[in-house]
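S.K.: Right, I'll just put the structure down here and ask away after.
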Amino acid sequence: MAKTRKSARVPSNTPVVQDQNLARGEGGELHQIASGKTPVLTTAQGGPVSDDQNSLKIGPRGPTLVEDFHFREKIFHFDHERIPERVVHARGYAAHGYFENYKSLAKHTRADLFQRAGEKTPAFVRFSTVAGSKGSVDLARDVRGFAVKLYTREGNWDIVGNNIPVFFIQDAIKFPDLIHAVKEEPDCAFPQAQSAHDNFWDFISLTPESMHMVMWVMSDRAIPRSFRFMEGFGVHTFRLVNAKNESTFVKFHWKPKLGLQSVVWNEAVKINGADPDFHRRDLWTAIKTGNFPEWELQLQLFDQDFADAFDFDILDATKIIPEEVLSPVPVGRLVLDRMPDNFFAETEQVAFMTQNVPPGIDFSNDPLLQGRNFSYLDTQLKRLGSPNFTHIPINAPKCPFAHFQQDGHMAMRNPVGRANYQPNSFGEGPRESPQRGFTPFADAQNGAKRRLRAESFADHYSQARQFFISQTEGEQAHIAAALTFELSKVKIPAIRERMVSHLLNIDETLARKVADKLGLLKMPKPADAAVPTRQDLQPSPALSIVENGPERFEGRKLGVLVSDGLDAGILKALRGALDKAGATYEIVSPKVTGVKASDGSWVEADQMIDGGPSVLYDAVALLPAAEAMSDLLIESSARDFVADAFAHCKFIGYVEAALPLFEKAGILPDQFDEGCIALTSAKLSKSFVDGLSELRVWSREPKVKLP
Ligand code: HDE
């Protein structure tokens with residue numbers, strides 16, 4: 001016989017989730033618990049709920065009743081919580097801010113946001129990876145999305161860009177193939193968020209136009225330290241159009257105020273394990289602590305004659321105009337200063353669309369851009385489920401708007417009045433304005449209707465080579481290592497060989513290095529090239545991360561390894577210097593509660609050593625006391641902390657008591673270099689922080705032989 005149990009109501013002891021709208025809504029007093037300000041839990045229909053812990057049953061253990069409308073509504077809503085994730089750029093993180101215009105650009109564009117110096121336009125920016133699903137890791141080797149929504153007084157303008165200024169393909173019709181190839185393979189459903197597999201490299205090796213982009217993706221650009229240290233690019237050539245209807249070609253560049261910085265691959269792999277939300281946490285923490293990230297908008301402006309002088313096509317998204325050939329002009333700054341209140345409502349539901357442009361900004365005939373202008377509207381309908389997605393606050397314009405669109409799922413704002421069409425004889429509703437309205441630039445078009453790729457799109461290797469030769473020696477080594485790693489995951493030898501045959505057209509030394517590391521038995525012939533690689537293109541220093549790195553330690557983080565008995569004076573000096581530099585730090589200690597310093601003061605910890613490996617920090621300081629050393633030396637996480645910091649070429653400040661940790665990590669005294677700095681006094685601790693502006697000790701890299 002089944003045991004009989006006493007019926008018991010589970011007491012409502014969990015905190016009540018506050019629905020601010022509800023609390024503010026009509027009949028607020030009705031929905032207040034008598035004793036205090038806590039609002040009464042209601043159904044979505046507004047009915048007060050008496051018990052949210054137990055479903056309605058017959059008897060204490062009896063069947064649950066369909067009559068329980070509260071239970072049914074709650075579960076029904078939960079069952080429908082997910083919307084389709086983005087096909088690409090599913091994993092993203094966003095913030096609010098503003099764009100501030102430096103001076104009038106009326107000469108080039110009639111766009112309202114560029115007319116007045118100091119004009120501020122609200123902005124929402126979403127950063128993303130491309131290939132992984134919503135729950136994938138932040139440090140995947142991948143392109144980063146850099147999508148900016150500007151709520152201008154003349155409607156929303158979306159610059160839906162990336163952190164890499166070129167793209168894999170030249171024509172939008174190839175996009176589904178590219179994305180199918182990079183995503184997990186359809187039969188086994190792996191690998192997730194990785195391009196290191198056969199399908200991707202099969203497609204790439206059969207698509208020579210992707211070679212320029214491949215060089216970027218194999219560089220450290222694809223593993224940024226954080227969103228705050230990466231550039232953004234509009235990629236395509238757009239047009240600015242002024243009040244006289246004159247057009248200027250334009251390319252958009254976002255330059256981070258903090259400079260460029262990436263991590264190294266071995267570090268990226270470990271960060272993904274230690275903190276898969278590394279980039280999210282970084283942006284959240286920076287903004288929540290008032291360190292607002294900032295980018296400068298710079299424009300490359302040029303006319304048709306300038307465009308015609310190149311032997312490549314400015315409509316080809318696999319090409320750049322080097323900044324040394326055409327300097328970008330600074331026109332304003334983008335500041336991110338507020339995190340969304342709710343991730344789903346804003347970051348997940350934001351709908352970017354390349355076709356969102358205000359009067360004064362226009363498209364070029366770049367076939368990739370033309371295809372995107374079709375795709376983004378389509379995708380929003382699928383994802384958000386209703387043509388009324390512009391009624392969602394994050395997508396709604398912040399300027400006045402008026403139209404006759406009505407009804408449909410979730411219509412929140414139908415036109416009022418009698419006339420829902422125009423012209424109408426009631427004098428009701430909005431009318432079009434030839435003066436203020438968007439007028440496309442009257443670019444004359446002619447030619448036969450054909451499926452063709454212009455010959456001006458045929459050079460696939462010259463700029464790939466230019467990118468490669470613009471990198472420092474260390475950066476070139478990283479590209480070779482990344483190619484080797486990725487191709488080592490490819491199982492079909494013919495794909496590896498085909499890739500090496502393309503590399504031969506880019507740089508022979510690179511090709512040989514990769515072939516050698518892969519153990520290719522014989523060198524393939526160079527791939528057939530429609531246009532031979534130009535050898536005369538000059539290196540462009542603007543393309544190197546190291547050449548454009550930060551000048552200060554500002555905005556970065558020091559990991560401070562401590563133990564009981566640490567030198568309080570040195571820690572105090574370090575903290576002061578870090579505050580002054582606008583940098584942050586975390587105390588990493590054997591126990592998460594903290595440690596007792598030499599002067600008896602308590603130092604709170606941020607991380608246990610296990611949870612705070614050195615890969616999470618830009619540089620480290622080792623401040624353990626001698627008496628704690630025997631315990632620390634048997635902690636493998638303490639050893640890894642030091643070994644990784646050294647292998648990843650980080651600056652390491654240390655007190656003498658920490659020396660046995662180096663030994664344990666396999667770092668001998670004769671390997672110490674200018675990046676290993678003894679902190680024997682408070683004064684030296686300050687100068688250690690000053691010296692961190694360089695970030696990494698790249699000269700160490702050939703010696704540590706990073707994988
Ligand atoms: Fe996208 N892209 N894309 N893309 N793209 C999407 O739109 C597409 C391309 C970019 O944070 C989708 O809302 C096509 C280039 C970003 O919400 C989709 C083509 C560049 C984001 C789509 C491209 C981008 C997207 C998926 C080939 C850099 C994320 C969900 C012509 C300049 C925006 C969505 C966000 C998102 C289509 C190529 C950037 C499917 C057809 C080139 C940053 O509509």
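Residues are named by chain letter and number: chains run A, B, ... in the order of the structure tokens, numbers start at 1 in each chain, and ligands are numbered from 1 in the order shown.
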At a cut-off of 8 Å around ligand 1, and using only C-alpha atoms and all ligand atoms, what residues come up? Please write them as number ranges by chain.
M.R.: A: 85-90, 92-93, 125-128, 130, 144-147, 160-162, 164-169, 171-176, 233-236, 317, 347-348, 350-353, 367-372, 374-380, 383
S.K.: If DSSP is run on the backbone, what residues of region 121-207 of chain A are helix (DSSP H, G or I)? A reply as number ranges by chain would be ideal.
M.R.: A: 172-182, 198-205
S.K.: Give me the residues near Asp112 (chain A) as a VMD selection string, where near means some atom within 12 Å (using only C-alpha atoms) and where sequence neighbours in that chain fewer than 6 positions away do not count.
M.R.: chain A and resid 101 104 to 106 119 to 121 150 to 157 240 to 243 357 to 361 399 436 to 438
S.K.: Residues at most 10 Å from Lys557 (chain A), counting only C-alpha atoms, excluding those fewer than 5 positions away in the same chain, as a list in words?
M.R.: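 Counting only the stated atoms, we get Leu578, Gly582, Ala583, Thr584, Tyr585, Glu586, Leu616, Tyr617, Asp618, Ala619 and Val620 of chain A.
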S.K.: Using only C-alpha atoms for the distances, tell me which of A:Val329, A:Val546, A:Met608, A:Ala494 is nearest to Met523 (chain A).
M.R.: A:Ala494
S.K.: Which residue, A:Ala529, A:Ala222, A:Leu659, A:Ile652, has the smallest gap to Ile677 (chain A) when you use only C-alpha atoms?
M.R.: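 Smallest distance to Ile677 (chain A) is found for A:Ile652.
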S.K.: Could you name the residues that touch region 548-552 of chain A at 8 Å or less, counting only C-alpha atoms, but leaving out those on the same chain fewer than 3 positions away, as a PyMOL selection string?
M.R.: chain A and resi 258-261+542+544-545+581+690+692-694
S.K.: Within region 212-249 of chain A, find each residue whose DSSP state, derived from the backbone, is strand (DSSP E), and express the selection as a list of chain:residue names.
M.R.: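 Taking region 212-249 of chain A and keeping strand (DSSP E) only, one gets A:Gly232, A:Phe233, A:Phe238, A:Arg239, A:Leu240, A:Val241, A:Ser247, A:Thr248, A:Phe249.
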S.K.: Can you tell me, as a list in words, what residues are no more than 9 Å from Phe467 (chain A) when counting only C-alpha atoms, ignoring any on the same chain fewer than 6 positions away?
M.R.: His212, Met215, Trp216, Pro539, Ser540, Leu543 and Ser544 of chain A
S.K.: Limited to all heavy atoms, could you put the picked residues into a file as a short mmCIF file (atom, residue, chain, number, x, y, z; two decimals), in the first residue's frame?
M.R.:
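Saved file result.cif follows:
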data_model
loop_
_atom_site.label_atom_id
_atom_site.label_comp_id
_atom_site.auth_asym_id
_atom_site.auth_seq_id
_atom_site.Cartn_x
_atom_site.Cartn_y
_atom_site.Cartn_z
N HIS A 212 42.19 36.25 -48.85
CA HIS A 212 42.54 37.44 -48.08
C HIS A 212 41.93 37.33 -46.67
O HIS A 212 42.61 37.49 -45.66
CB HIS A 212 42.04 38.70 -48.80
CG HIS A 212 42.52 39.97 -48.16
ND1 HIS A 212 42.02 41.21 -48.51
CD2 HIS A 212 43.41 40.22 -47.18
CE1 HIS A 212 42.61 42.14 -47.78
NE2 HIS A 212 43.45 41.56 -46.96
N MET A 215 43.62 34.92 -44.28
CA MET A 215 44.81 35.44 -43.60
C MET A 215 44.41 36.19 -42.32
O MET A 215 45.03 36.07 -41.27
CB MET A 215 45.58 36.40 -44.52
CG MET A 215 46.34 35.71 -45.62
SD MET A 215 47.70 34.72 -44.95
CE MET A 215 47.10 33.12 -45.32
N TRP A 216 43.35 36.98 -42.41
CA TRP A 216 42.88 37.73 -41.22
C TRP A 216 42.37 36.77 -40.14
O TRP A 216 42.67 36.95 -38.95
CB TRP A 216 41.73 38.67 -41.61
CG TRP A 216 42.14 39.92 -42.34
CD1 TRP A 216 42.44 40.03 -43.67
CD2 TRP A 216 42.29 41.24 -41.79
NE1 TRP A 216 42.75 41.33 -43.98
CE2 TRP A 216 42.67 42.09 -42.84
CE3 TRP A 216 42.13 41.77 -40.52
CZ2 TRP A 216 42.89 43.46 -42.66
CZ3 TRP A 216 42.35 43.13 -40.33
CH2 TRP A 216 42.74 43.96 -41.40
N PRO A 539 54.00 46.87 -47.54
CA PRO A 539 53.38 46.50 -46.25
C PRO A 539 52.59 47.68 -45.69
O PRO A 539 52.97 48.84 -45.89
CB PRO A 539 54.57 46.19 -45.35
CG PRO A 539 55.72 45.99 -46.24
CD PRO A 539 55.46 46.74 -47.51
N SER A 540 51.48 47.37 -45.03
CA SER A 540 50.65 48.42 -44.42
C SER A 540 50.69 48.23 -42.91
O SER A 540 50.05 47.32 -42.37
CB SER A 540 49.21 48.27 -44.93
OG SER A 540 48.31 48.91 -44.07
N LEU A 543 47.82 47.28 -40.51
CA LEU A 543 47.20 45.95 -40.46
C LEU A 543 47.71 45.08 -39.31
O LEU A 543 47.17 44.02 -39.03
CB LEU A 543 47.42 45.22 -41.79
CG LEU A 543 46.84 45.94 -43.02
CD1 LEU A 543 47.12 45.13 -44.28
CD2 LEU A 543 45.35 46.18 -42.86
N SER A 544 48.78 45.54 -38.66
CA SER A 544 49.36 44.74 -37.57
C SER A 544 48.71 45.13 -36.23
O SER A 544 48.51 46.31 -35.95
CB SER A 544 50.87 45.00 -37.51
OG SER A 544 51.37 44.83 -36.21
#
S.K.: Near region 588-595 of chain A, counting only C-alpha atoms, which residues have an atom at most 9 Å away, once you skip same-chain residues fewer than 5 positions from it, shown as a PyMOL selection string?
M.R.: chain A and resi 559-566+601-613+632+635+638
S.K.: Please write the residues from the selection above to a file, keeping C-alpha atoms, as a PDB file, in the first residue's frame.
M.R.:
ATOM      1  CA  GLY A 559      46.197  38.977 -11.495  1.00  0.00           C
ATOM      2  CA  VAL A 560      47.814  39.131  -8.053  1.00  0.00           C
ATOM      3  CA  LEU A 561      48.684  35.759  -6.536  1.00  0.00           C
ATOM      4  CA  VAL A 562      48.819  36.028  -2.740  1.00  0.00           C
ATOM      5  CA  SER A 563      49.064  33.936   0.385  1.00  0.00           C
ATOM      6  CA  ASP A 564      48.852  34.513   4.122  1.00  0.00           C
ATOM      7  CA  GLY A 565      51.695  36.741   5.237  1.00  0.00           C
ATOM      8  CA  LEU A 566      52.030  38.683   1.969  1.00  0.00           C
ATOM      9  CA  SER A 601      45.161  43.290   7.750  1.00  0.00           C
ATOM     10  CA  TRP A 602      42.693  41.082   5.923  1.00  0.00           C
ATOM     11  CA  VAL A 603      42.945  40.977   2.113  1.00  0.00           C
ATOM     12  CA  GLU A 604      39.756  39.799   0.452  1.00  0.00           C
ATOM     13  CA  ALA A 605      40.206  37.495  -2.509  1.00  0.00           C
ATOM     14  CA  ASP A 606      38.374  37.635  -5.815  1.00  0.00           C
ATOM     15  CA  GLN A 607      39.298  34.163  -7.001  1.00  0.00           C
ATOM     16  CA  MET A 608      40.625  30.879  -5.729  1.00  0.00           C
ATOM     17  CA  ILE A 609      43.760  29.898  -7.665  1.00  0.00           C
ATOM     18  CA  ASP A 610      41.793  27.163  -9.441  1.00  0.00           C
ATOM     19  CA  GLY A 611      39.139  29.634 -10.569  1.00  0.00           C
ATOM     20  CA  GLY A 612      41.511  32.442 -11.471  1.00  0.00           C
ATOM     21  CA  PRO A 613      44.202  31.029 -13.757  1.00  0.00           C
ATOM     22  CA  LEU A 632      51.568  26.484  -2.784  1.00  0.00           C
ATOM     23  CA  GLU A 635      49.098  23.089  -5.899  1.00  0.00           C
ATOM     24  CA  ALA A 638      49.686  27.631  -8.685  1.00  0.00           C
TER      25      ALA A 638
END
S.K.: What does the distance between CA of Trp265 (chain A) and CA of Ser699 (chain A) come to in Å, to one decimal place?
M.R.: 17.2 Å
S.K.: Could you tell me how far CA of Arg82 (chain A) sits from CA of His197 (chain A), in Å to one decimal place?
M.R.: 29.1 Å
S.K.: Kindly give the distance, in Å, that separates CA of Ala625 (chain A) and CA of Gly691 (chain A), rounded to a single decimal.
M.R.: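 Distance reported for this atom pair: 24.0 Å.
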S.K.: Would you mind telling me which residue in A:Gly232, A:Gly132, A:Pro208, A:Gly290 lies nearest to Val182 (chain A) when using only C-alpha atoms?
M.R.: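 Result for the nearest residue to Val182 (chain A): A:Gly132.
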